[in-house]
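Engineer: Sharing a structure here in structure tokens format.
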Amino acid sequence: ICYFFMQEKLYFNNSNGDKLSGVLSYDNLGDDSGDSIVVMAHGFGTGKNGRTYTSLEDKFIKSGLATFRFDFYAHGESDGSIEDITVSEAVDDVFRAVDFVEDKGYSKIGLIGSSFGGLASIIAAPNIDLFALGLKCPISKRLDLLLKDIYEFKEQDSSITFNISGQPLTLSNSFVEDCKKNIGFDYAEKINAPTLIVHGSDDECVSINDTKKLYDSIADCELDEIIGCDHSFSNSENFNYAINSIFNFVIDKT
């Protein structure tokens, strides 16, 4: 069976007027996607074309559900310098992406966020009317402290430099101050949407214990712990399981 759907590369602006890139995908028969759409927010240092989002896009489209995957500020094809990224910027990007698809005529919004995108989605979710929230290994604690736990770093008077896989990343003190105001745990109890979290028991970046605390704080939440799975879902069986878990949850809530 041949299956065709439409993809449009589109651009929208964040609140500062920076251009952000996204891909809107929908059934080419027109009305089959209806008024429902899933917005997908990627992790730090990755982008909208990652396998998580393209795999989910394919499955959702075949079920008649439109998708919008986008690049955060300073990622992928979006404007910006990575040194200027903050959690607040990412949260704003999520809000603007939702506004953008609503302007396109979609009124039922699902949101999926992975890792850094999960943190932004957690913080944004209480202020968006969502039919479903899917979180894949989401960050829920202070991002700057998480980075310090994982990477070597050097603090200067006005900045902090992390050694990320041999590449230096210098972030200003404003990044740290912003992280203090944007802790996922602080927003969890405000989330009203049905929520699913998929997380590996052996995640080396984001502790499964943090996610269990997050799970306990969200009123309507399911936790799918994948035993032996790491942060990048490097095992294909674990990855496919996680994608199917998210897909089935969102479809069930549509």
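Here's how to read the names in the structure tokens: chain A, B, ... by the order shown, residue numbers from 1 in each chain, ligand numbers from 1 in the order shown.
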Hey, which bits of stretch 111-179 of chain A sit within 8 Å of stretch 81-89 of chain A, and for each residue what's the closest pair of atoms and how far apart in Å (one decimal), counting only C-alpha atoms, rows by chain and increasing number, as a Markdown table?

Structural biologist:
```
| residue | atom | partner | partner_atom | distance |
| --- | --- | --- | --- | --- |
| A:Ala120 | CA | A:Val87 | CA | 6.6 |
| A:Leu169 | CA | A:Glu83 | CA | 7.0 |
| A:Thr170 | CA | A:Glu83 | CA | 6.0 |
| A:Leu171 | CA | A:Glu83 | CA | 5.2 |
| A:Ser172 | CA | A:Glu83 | CA | 7.3 |
| A:Phe175 | CA | A:Thr86 | CA | 5.5 |
| A:Asp178 | CA | A:Thr86 | CA | 6.6 |
| A:Cys179 | CA | A:Val87 | CA | 6.4 |
```

Engineer: With all heavy atoms retained, export the selected residues as a CSV table (one decimal), in the first residue's frame.

Structural biologist:
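The resulting selection.csv:
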```csv
chain,number,residue,atom,x,y,z
A,120,ALA,N,11.2,22.0,28.8
A,120,ALA,CA,10.4,23.2,28.3
A,120,ALA,C,9.0,22.8,28.2
A,120,ALA,O,8.1,23.7,28.5
A,120,ALA,CB,11.0,23.5,26.9
A,169,LEU,N,31.4,24.7,25.6
A,169,LEU,CA,30.2,25.5,25.5
A,169,LEU,C,30.2,26.5,26.7
A,169,LEU,O,30.1,26.1,27.8
A,169,LEU,CB,29.0,24.6,25.6
A,169,LEU,CG,27.6,25.3,25.6
A,169,LEU,CD1,27.4,26.1,24.4
A,169,LEU,CD2,26.5,24.3,25.9
A,170,THR,N,30.3,27.8,26.3
A,170,THR,CA,30.3,28.8,27.3
A,170,THR,C,28.9,29.5,27.4
A,170,THR,O,28.4,29.9,26.4
A,170,THR,CB,31.4,29.9,27.0
A,170,THR,OG1,32.6,29.3,26.9
A,170,THR,CG2,31.4,31.0,28.0
A,171,LEU,N,28.4,29.5,28.6
A,171,LEU,CA,27.1,30.1,28.9
A,171,LEU,C,27.2,31.2,29.9
A,171,LEU,O,28.0,31.1,30.8
A,171,LEU,CB,26.1,29.0,29.4
A,171,LEU,CG,25.9,27.8,28.4
A,171,LEU,CD1,25.2,26.7,29.1
A,171,LEU,CD2,25.1,28.3,27.2
A,172,SER,N,26.4,32.2,29.7
A,172,SER,CA,26.6,33.4,30.6
A,172,SER,C,25.9,33.1,32.0
A,172,SER,O,25.2,32.1,32.1
A,172,SER,CB,25.9,34.6,30.0
A,172,SER,OG,24.5,34.4,29.9
A,175,PHE,N,22.3,32.6,32.1
A,175,PHE,CA,21.8,31.2,31.9
A,175,PHE,C,21.5,30.5,33.3
A,175,PHE,O,20.5,29.9,33.5
A,175,PHE,CB,22.8,30.4,31.1
A,175,PHE,CG,22.5,28.9,31.0
A,175,PHE,CD1,21.6,28.4,30.2
A,175,PHE,CD2,23.2,28.0,31.9
A,175,PHE,CE1,21.3,27.0,30.2
A,175,PHE,CE2,22.9,26.7,31.9
A,175,PHE,CZ,22.0,26.2,31.0
A,178,ASP,N,18.6,32.0,35.0
A,178,ASP,CA,17.4,31.6,34.4
A,178,ASP,C,17.0,30.2,34.8
A,178,ASP,O,15.8,29.9,35.0
A,178,ASP,CB,17.5,31.7,32.9
A,178,ASP,CG,16.3,31.3,32.1
A,178,ASP,OD1,15.4,32.2,32.0
A,178,ASP,OD2,16.1,30.2,31.7
A,179,CYS,N,18.0,29.3,34.9
A,179,CYS,CA,17.8,27.9,35.4
A,179,CYS,C,17.1,27.9,36.7
A,179,CYS,O,16.3,27.0,37.0
A,179,CYS,CB,19.1,27.1,35.4
A,179,CYS,SG,19.7,26.7,33.7
```

Engineer: Give me the residues within 9 Å of stretch 202-214 of chain A as a ChimeraX atom specification, counting only C-alpha atoms and dropping any in the same chain fewer than 4 places off.

Structural biologist: /A:115,137-141,146-147,149-150,184-185,188-189,197,218,223,225-233

Engineer: Write out as a CSV table (one decimal) with N, CA, C and O atoms, in the first residue's frame each polymer residue whose atoms come within 12 Å of A:Leu10, counting only C-alpha atoms; drop sequence neighbours fewer than 5 positions from it.

Structural biologist:
```
chain,number,residue,atom,x,y,z
A,19,LYS,N,13.9,34.0,13.8
A,19,LYS,CA,13.2,33.0,13.0
A,19,LYS,C,13.5,31.6,13.4
A,19,LYS,O,14.6,31.2,13.6
A,20,LEU,N,12.4,30.8,13.6
A,20,LEU,CA,12.5,29.4,14.0
A,20,LEU,C,12.0,28.6,12.9
A,20,LEU,O,11.0,29.0,12.2
A,21,SER,N,12.5,27.4,12.7
A,21,SER,CA,12.2,26.5,11.6
A,21,SER,C,11.4,25.3,12.1
A,21,SER,O,11.6,24.8,13.2
A,22,GLY,N,10.4,24.9,11.3
A,22,GLY,CA,9.6,23.8,11.6
A,22,GLY,C,9.1,23.1,10.4
A,22,GLY,O,9.2,23.6,9.3
A,23,VAL,N,8.6,21.8,10.6
A,23,VAL,CA,8.0,21.0,9.5
A,23,VAL,C,6.6,20.6,9.9
A,23,VAL,O,6.4,19.9,10.9
A,24,LEU,N,5.6,21.1,9.2
A,24,LEU,CA,4.3,20.7,9.3
A,24,LEU,C,3.9,19.5,8.4
A,24,LEU,O,4.2,19.6,7.2
A,25,SER,N,3.4,18.4,9.0
A,25,SER,CA,3.1,17.2,8.2
A,25,SER,C,1.7,16.8,8.4
A,25,SER,O,1.2,16.8,9.6
A,68,PHE,N,3.8,18.7,14.0
A,68,PHE,CA,4.7,19.9,13.8
A,68,PHE,C,5.9,19.7,14.7
A,68,PHE,O,5.8,19.8,15.9
A,69,ARG,N,7.0,19.4,14.0
A,69,ARG,CA,8.3,19.3,14.7
A,69,ARG,C,9.1,20.5,14.4
A,69,ARG,O,9.2,21.0,13.2
A,70,PHE,N,9.8,21.1,15.4
A,70,PHE,CA,10.4,22.4,15.2
A,70,PHE,C,11.8,22.4,15.8
A,70,PHE,O,12.1,21.6,16.7
A,71,ASP,N,12.7,23.3,15.4
A,71,ASP,CA,14.0,23.5,15.9
A,71,ASP,C,13.9,24.6,17.0
A,71,ASP,O,13.4,25.7,16.7
A,77,GLU,N,17.9,24.5,11.9
A,77,GLU,CA,17.8,25.6,11.0
A,77,GLU,C,17.2,26.9,11.5
A,77,GLU,O,16.8,27.8,10.8
A,78,SER,N,17.1,27.0,12.9
A,78,SER,CA,16.6,28.2,13.5
A,78,SER,C,17.7,29.2,13.7
A,78,SER,O,18.9,28.8,13.9
A,97,ALA,N,5.4,27.9,19.0
A,97,ALA,CA,5.1,26.8,18.1
A,97,ALA,C,3.6,26.5,18.2
A,97,ALA,O,2.9,26.2,17.2
A,100,PHE,N,1.5,29.1,16.5
A,100,PHE,CA,1.7,29.0,15.1
A,100,PHE,C,0.7,27.9,14.5
A,100,PHE,O,0.0,28.2,13.5
A,101,VAL,N,0.6,26.7,15.1
A,101,VAL,CA,-0.3,25.7,14.6
A,101,VAL,C,-1.7,26.1,14.9
A,101,VAL,O,-2.6,25.7,14.1
A,104,LYS,N,-2.9,28.0,12.2
A,104,LYS,CA,-3.1,27.2,11.0
A,104,LYS,C,-4.4,26.5,11.1
A,104,LYS,O,-4.8,25.8,10.1
```

Engineer: One number please: atom CA of A:Thr195 to atom CA of A:Asp35, in Å, one decimal.

Structural biologist: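 Calculated distance between atom CA of A:Thr195 and atom CA of A:Asp35 is 20.3 Å.
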
Engineer: In Å, rounded to a single decimal, give me how far atom CA of A:Asn14 is from atom CA of A:Ser159.

Structural biologist: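 About the pair atom CA of A:Ser159 and atom CA of A:Asn14: they are 24.5 Å apart.
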
Engineer: Could you pull out the strand (DSSP E) residues of stretch 138-233 of chain A, going by DSSP on the backbone, and write them as a compact mmCIF listing (two decimals) with C-alpha atoms, in the first residue's frame?

Structural biologist:
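Listing of out_32.txt after writing:
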```txt
# COMPACT_ATOMS: atom_id res chain seq x y z
CA GLU A 152 33.56 19.03 33.38
CA PHE A 153 33.13 22.76 33.84
CA LYS A 154 34.99 25.94 34.70
CA GLU A 155 33.30 28.95 36.25
CA SER A 159 30.17 32.81 32.57
CA ILE A 160 30.54 29.06 32.91
CA THR A 161 32.19 26.79 30.33
CA PHE A 162 31.24 23.13 30.00
CA ASN A 163 33.36 20.54 28.22
CA ILE A 164 30.69 18.65 26.27
CA GLN A 167 33.66 20.75 22.70
CA PRO A 168 33.58 23.82 24.97
CA LEU A 169 30.22 25.47 25.52
CA THR A 170 30.31 28.82 27.31
CA LEU A 171 27.08 30.06 28.85
CA SER A 172 26.58 33.36 30.63
CA THR A 195 0.71 12.65 30.75
CA LEU A 196 2.99 9.76 29.85
CA ILE A 197 6.67 9.60 30.76
CA VAL A 198 8.96 7.04 29.12
CA HIS A 199 12.36 6.76 30.77
CA GLY A 200 15.23 4.29 30.87
CA CYS A 221 0.37 10.55 34.82
CA GLU A 222 1.68 7.20 33.65
CA LEU A 223 5.33 6.14 33.92
CA ASP A 224 6.75 3.61 31.49
CA GLU A 225 10.18 2.66 32.85
CA ILE A 226 12.27 0.78 30.29
```

Engineer: Record the distance separating atom CA of A:Phe60 and atom CA of A:Asn244, expressed in Å with one decimal.

Structural biologist: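 Computing the Euclidean distance for atom CA of A:Phe60 and atom CA of A:Asn244 yields 10.6 Å.
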
Engineer: I'd like the contact shell of stretch 38-48 of chain A - 7 Å cut-off, only C-alpha atoms, skipping same-chain residues fewer than 2 positions apart - returned as a PyMOL selection string.

Structural biologist: chain A and resi 50+53+66-71+75-76+109-117

Engineer: Please produce a file of those selected residues containing all heavy atoms, as a compact mmCIF listing (two decimals), in the first residue's frame.

Structural biologist:
```txt
# COMPACT_ATOMS: atom_id res chain seq x y z
N GLY A 50 15.56 14.60 14.21
CA GLY A 50 16.00 13.42 14.94
C GLY A 50 15.04 12.25 14.75
O GLY A 50 13.86 12.43 14.43
N TYR A 53 11.44 12.08 16.34
CA TYR A 53 10.37 12.93 15.80
C TYR A 53 9.94 12.49 14.41
O TYR A 53 8.74 12.52 14.10
CB TYR A 53 10.82 14.39 15.86
CG TYR A 53 11.60 14.63 17.12
CD1 TYR A 53 12.99 14.73 17.11
CD2 TYR A 53 10.96 14.59 18.37
CE1 TYR A 53 13.71 14.84 18.29
CE2 TYR A 53 11.66 14.69 19.54
CZ TYR A 53 13.04 14.82 19.50
OH TYR A 53 13.74 14.89 20.67
N ALA A 66 -2.00 15.07 12.38
CA ALA A 66 -0.96 15.97 11.89
C ALA A 66 0.13 16.17 12.94
O ALA A 66 -0.10 15.98 14.14
CB ALA A 66 -1.57 17.32 11.50
N THR A 67 1.32 16.57 12.49
CA THR A 67 2.44 16.83 13.41
C THR A 67 3.15 18.12 13.03
O THR A 67 3.12 18.55 11.88
CB THR A 67 3.47 15.69 13.39
OG1 THR A 67 4.06 15.59 12.09
CG2 THR A 67 2.83 14.35 13.75
N PHE A 68 3.79 18.71 14.02
CA PHE A 68 4.66 19.87 13.79
C PHE A 68 5.90 19.69 14.65
O PHE A 68 5.84 19.76 15.87
CB PHE A 68 3.94 21.17 14.15
CG PHE A 68 4.74 22.41 13.81
CD1 PHE A 68 5.02 22.72 12.49
CD2 PHE A 68 5.20 23.25 14.80
CE1 PHE A 68 5.74 23.87 12.16
CE2 PHE A 68 5.93 24.40 14.48
CZ PHE A 68 6.20 24.70 13.16
N ARG A 69 7.03 19.40 14.00
CA ARG A 69 8.31 19.29 14.70
C ARG A 69 9.12 20.53 14.37
O ARG A 69 9.16 20.98 13.22
CB ARG A 69 9.05 18.01 14.32
CG ARG A 69 9.13 17.71 12.83
CD ARG A 69 9.72 16.33 12.54
NE ARG A 69 9.58 15.95 11.16
CZ ARG A 69 10.46 16.21 10.19
NH1 ARG A 69 11.58 16.85 10.47
NH2 ARG A 69 10.24 15.82 8.96
N PHE A 70 9.76 21.12 15.37
CA PHE A 70 10.44 22.39 15.16
C PHE A 70 11.80 22.40 15.83
O PHE A 70 12.09 21.60 16.73
CB PHE A 70 9.58 23.55 15.69
CG PHE A 70 9.50 23.63 17.19
CD1 PHE A 70 10.37 24.44 17.91
CD2 PHE A 70 8.56 22.88 17.89
CE1 PHE A 70 10.31 24.50 19.29
CE2 PHE A 70 8.48 22.94 19.27
CZ PHE A 70 9.36 23.76 19.97
N ASP A 71 12.66 23.31 15.35
CA ASP A 71 13.98 23.51 15.94
C ASP A 71 13.91 24.64 16.98
O ASP A 71 13.43 25.74 16.68
CB ASP A 71 15.00 23.92 14.87
CG ASP A 71 15.38 22.77 13.96
OD1 ASP A 71 15.46 21.63 14.46
OD2 ASP A 71 15.62 23.01 12.76
N HIS A 75 19.26 26.05 17.33
CA HIS A 75 19.37 24.64 16.96
C HIS A 75 18.90 24.46 15.52
O HIS A 75 18.05 25.21 15.03
CB HIS A 75 18.51 23.75 17.87
CG HIS A 75 19.05 23.60 19.25
ND1 HIS A 75 18.99 24.61 20.19
CD2 HIS A 75 19.66 22.55 19.87
CE1 HIS A 75 19.54 24.19 21.32
NE2 HIS A 75 19.95 22.94 21.15
N GLY A 76 19.47 23.46 14.86
CA GLY A 76 19.02 23.12 13.51
C GLY A 76 19.03 24.29 12.56
O GLY A 76 20.04 24.98 12.41
N ILE A 109 -4.44 20.19 20.69
CA ILE A 109 -2.98 20.15 20.68
C ILE A 109 -2.46 19.04 21.60
O ILE A 109 -2.82 18.95 22.76
CB ILE A 109 -2.38 21.50 21.15
CG1 ILE A 109 -3.02 22.68 20.41
CG2 ILE A 109 -0.87 21.49 21.00
CD1 ILE A 109 -2.75 22.71 18.93
N GLY A 110 -1.58 18.21 21.04
CA GLY A 110 -0.78 17.30 21.84
C GLY A 110 0.65 17.79 21.84
O GLY A 110 1.08 18.46 20.89
N LEU A 111 1.41 17.51 22.89
CA LEU A 111 2.79 18.00 23.00
C LEU A 111 3.69 16.86 23.44
O LEU A 111 3.38 16.15 24.40
CB LEU A 111 2.85 19.16 24.01
CG LEU A 111 4.21 19.78 24.30
CD1 LEU A 111 4.82 20.40 23.04
CD2 LEU A 111 4.08 20.85 25.40
N ILE A 112 4.79 16.69 22.73
CA ILE A 112 5.79 15.69 23.08
C ILE A 112 7.14 16.39 23.24
O ILE A 112 7.56 17.13 22.35
CB ILE A 112 5.90 14.60 22.00
CG1 ILE A 112 4.59 13.80 21.92
CG2 ILE A 112 7.07 13.66 22.28
CD1 ILE A 112 4.54 12.84 20.75
N GLY A 113 7.80 16.16 24.36
CA GLY A 113 9.10 16.78 24.60
C GLY A 113 10.11 15.76 25.08
O GLY A 113 9.79 14.89 25.91
N SER A 114 11.32 15.85 24.56
CA SER A 114 12.38 14.90 24.92
C SER A 114 13.52 15.63 25.62
O SER A 114 14.01 16.65 25.12
CB SER A 114 12.89 14.23 23.64
OG SER A 114 13.95 13.34 23.93
N SER A 115 13.94 15.14 26.79
CA SER A 115 15.08 15.66 27.52
C SER A 115 14.94 17.17 27.78
O SER A 115 14.04 17.59 28.52
CB SER A 115 16.37 15.33 26.76
OG SER A 115 17.50 15.54 27.56
N PHE A 116 15.77 18.00 27.15
CA PHE A 116 15.66 19.47 27.28
C PHE A 116 14.29 19.95 26.80
O PHE A 116 13.65 20.81 27.41
CB PHE A 116 16.78 20.11 26.47
CG PHE A 116 16.75 21.61 26.40
CD1 PHE A 116 17.02 22.38 27.51
CD2 PHE A 116 16.48 22.25 25.20
CE1 PHE A 116 17.02 23.78 27.44
CE2 PHE A 116 16.47 23.64 25.11
CZ PHE A 116 16.74 24.40 26.23
N GLY A 117 13.83 19.38 25.69
CA GLY A 117 12.49 19.70 25.20
C GLY A 117 11.41 19.25 26.16
O GLY A 117 10.32 19.83 26.22
```

Engineer: Write out as an MDAnalysis selection string the set of residues from stretch 63-240 of chain A that DSSP, computed on the backbone, places in alpha helix (DSSP H).

Structural biologist: chainID A and resid 87:103 116:124 143:150 173:181 185:188 208:217 236:240

Engineer: Could the residues in this selection be saved with C-alpha atoms as a PDB file, in the first residue's frame?

Structural biologist:
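As written to disk, again_34.pdb reads:
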```
ATOM      1  CA  VAL A  87      15.292  27.530  29.452  1.00  0.00           C
ATOM      2  CA  SER A  88      12.994  30.552  29.261  1.00  0.00           C
ATOM      3  CA  GLU A  89      13.819  30.877  25.558  1.00  0.00           C
ATOM      4  CA  ALA A  90      12.946  27.221  24.979  1.00  0.00           C
ATOM      5  CA  VAL A  91       9.646  27.601  26.840  1.00  0.00           C
ATOM      6  CA  ASP A  92       8.823  30.646  24.711  1.00  0.00           C
ATOM      7  CA  ASP A  93       9.639  28.609  21.592  1.00  0.00           C
ATOM      8  CA  VAL A  94       7.098  25.970  22.661  1.00  0.00           C
ATOM      9  CA  PHE A  95       4.431  28.625  23.216  1.00  0.00           C
ATOM     10  CA  ARG A  96       5.129  30.225  19.843  1.00  0.00           C
ATOM     11  CA  ALA A  97       5.057  26.843  18.081  1.00  0.00           C
ATOM     12  CA  VAL A  98       1.648  26.133  19.612  1.00  0.00           C
ATOM     13  CA  ASP A  99       0.411  29.608  18.627  1.00  0.00           C
ATOM     14  CA  PHE A 100       1.660  28.962  15.098  1.00  0.00           C
ATOM     15  CA  VAL A 101      -0.271  25.715  14.602  1.00  0.00           C
ATOM     16  CA  GLU A 102      -3.368  27.216  16.202  1.00  0.00           C
ATOM     17  CA  ASP A 103      -3.164  30.006  13.626  1.00  0.00           C
ATOM     18  CA  PHE A 116      15.655  19.467  27.279  1.00  0.00           C
ATOM     19  CA  GLY A 117      12.491  19.704  25.199  1.00  0.00           C
ATOM     20  CA  GLY A 118      10.791  17.750  27.962  1.00  0.00           C
ATOM     21  CA  LEU A 119      11.790  20.390  30.507  1.00  0.00           C
ATOM     22  CA  ALA A 120      10.443  23.164  28.277  1.00  0.00           C
ATOM     23  CA  SER A 121       7.247  21.178  27.731  1.00  0.00           C
ATOM     24  CA  ILE A 122       6.736  20.587  31.470  1.00  0.00           C
ATOM     25  CA  ILE A 123       7.006  24.309  32.175  1.00  0.00           C
ATOM     26  CA  ALA A 124       4.805  25.309  29.235  1.00  0.00           C
ATOM     27  CA  LEU A 143      19.492  22.386  34.124  1.00  0.00           C
ATOM     28  CA  ASP A 144      22.737  24.054  35.188  1.00  0.00           C
ATOM     29  CA  LEU A 145      23.145  21.628  38.084  1.00  0.00           C
ATOM     30  CA  LEU A 146      22.398  18.697  35.796  1.00  0.00           C
ATOM     31  CA  LEU A 147      25.085  19.869  33.353  1.00  0.00           C
ATOM     32  CA  LYS A 148      27.547  20.195  36.240  1.00  0.00           C
ATOM     33  CA  ASP A 149      26.761  16.632  37.292  1.00  0.00           C
ATOM     34  CA  ILE A 150      27.500  15.306  33.808  1.00  0.00           C
ATOM     35  CA  ASN A 173      25.619  33.793  34.258  1.00  0.00           C
ATOM     36  CA  SER A 174      22.197  34.830  33.005  1.00  0.00           C
ATOM     37  CA  PHE A 175      21.772  31.199  31.903  1.00  0.00           C
ATOM     38  CA  VAL A 176      22.370  30.050  35.486  1.00  0.00           C
ATOM     39  CA  GLU A 177      20.003  32.663  36.914  1.00  0.00           C
ATOM     40  CA  ASP A 178      17.378  31.615  34.389  1.00  0.00           C
ATOM     41  CA  CYS A 179      17.767  27.950  35.361  1.00  0.00           C
ATOM     42  CA  LYS A 180      16.967  28.833  38.971  1.00  0.00           C
ATOM     43  CA  LYS A 181      13.566  30.103  37.837  1.00  0.00           C
ATOM     44  CA  PHE A 185       9.473  19.976  39.577  1.00  0.00           C
ATOM     45  CA  ASP A 186       7.976  23.403  40.382  1.00  0.00           C
ATOM     46  CA  TYR A 187       5.483  23.099  37.526  1.00  0.00           C
ATOM     47  CA  ALA A 188       4.540  19.418  37.741  1.00  0.00           C
ATOM     48  CA  ILE A 208      15.152   7.735  36.806  1.00  0.00           C
ATOM     49  CA  ASN A 209      14.693   8.764  40.459  1.00  0.00           C
ATOM     50  CA  ASP A 210      14.123  12.365  39.369  1.00  0.00           C
ATOM     51  CA  THR A 211      11.500  11.161  36.921  1.00  0.00           C
ATOM     52  CA  LYS A 212       9.781   9.056  39.573  1.00  0.00           C
ATOM     53  CA  LYS A 213       9.526  12.210  41.683  1.00  0.00           C
ATOM     54  CA  LEU A 214       8.114  14.052  38.665  1.00  0.00           C
ATOM     55  CA  TYR A 215       5.622  11.235  38.055  1.00  0.00           C
ATOM     56  CA  ASP A 216       4.401  11.438  41.660  1.00  0.00           C
ATOM     57  CA  SER A 217       3.761  15.180  41.250  1.00  0.00           C
ATOM     58  CA  SER A 236      16.889  -0.256  18.780  1.00  0.00           C
ATOM     59  CA  GLU A 237      14.460  -2.519  20.628  1.00  0.00           C
ATOM     60  CA  ASN A 238      14.219  -0.013  23.494  1.00  0.00           C
ATOM     61  CA  PHE A 239      13.838   2.862  21.050  1.00  0.00           C
ATOM     62  CA  ASN A 240      11.034   1.175  19.134  1.00  0.00           C
TER      63      ASN A 240
END
```
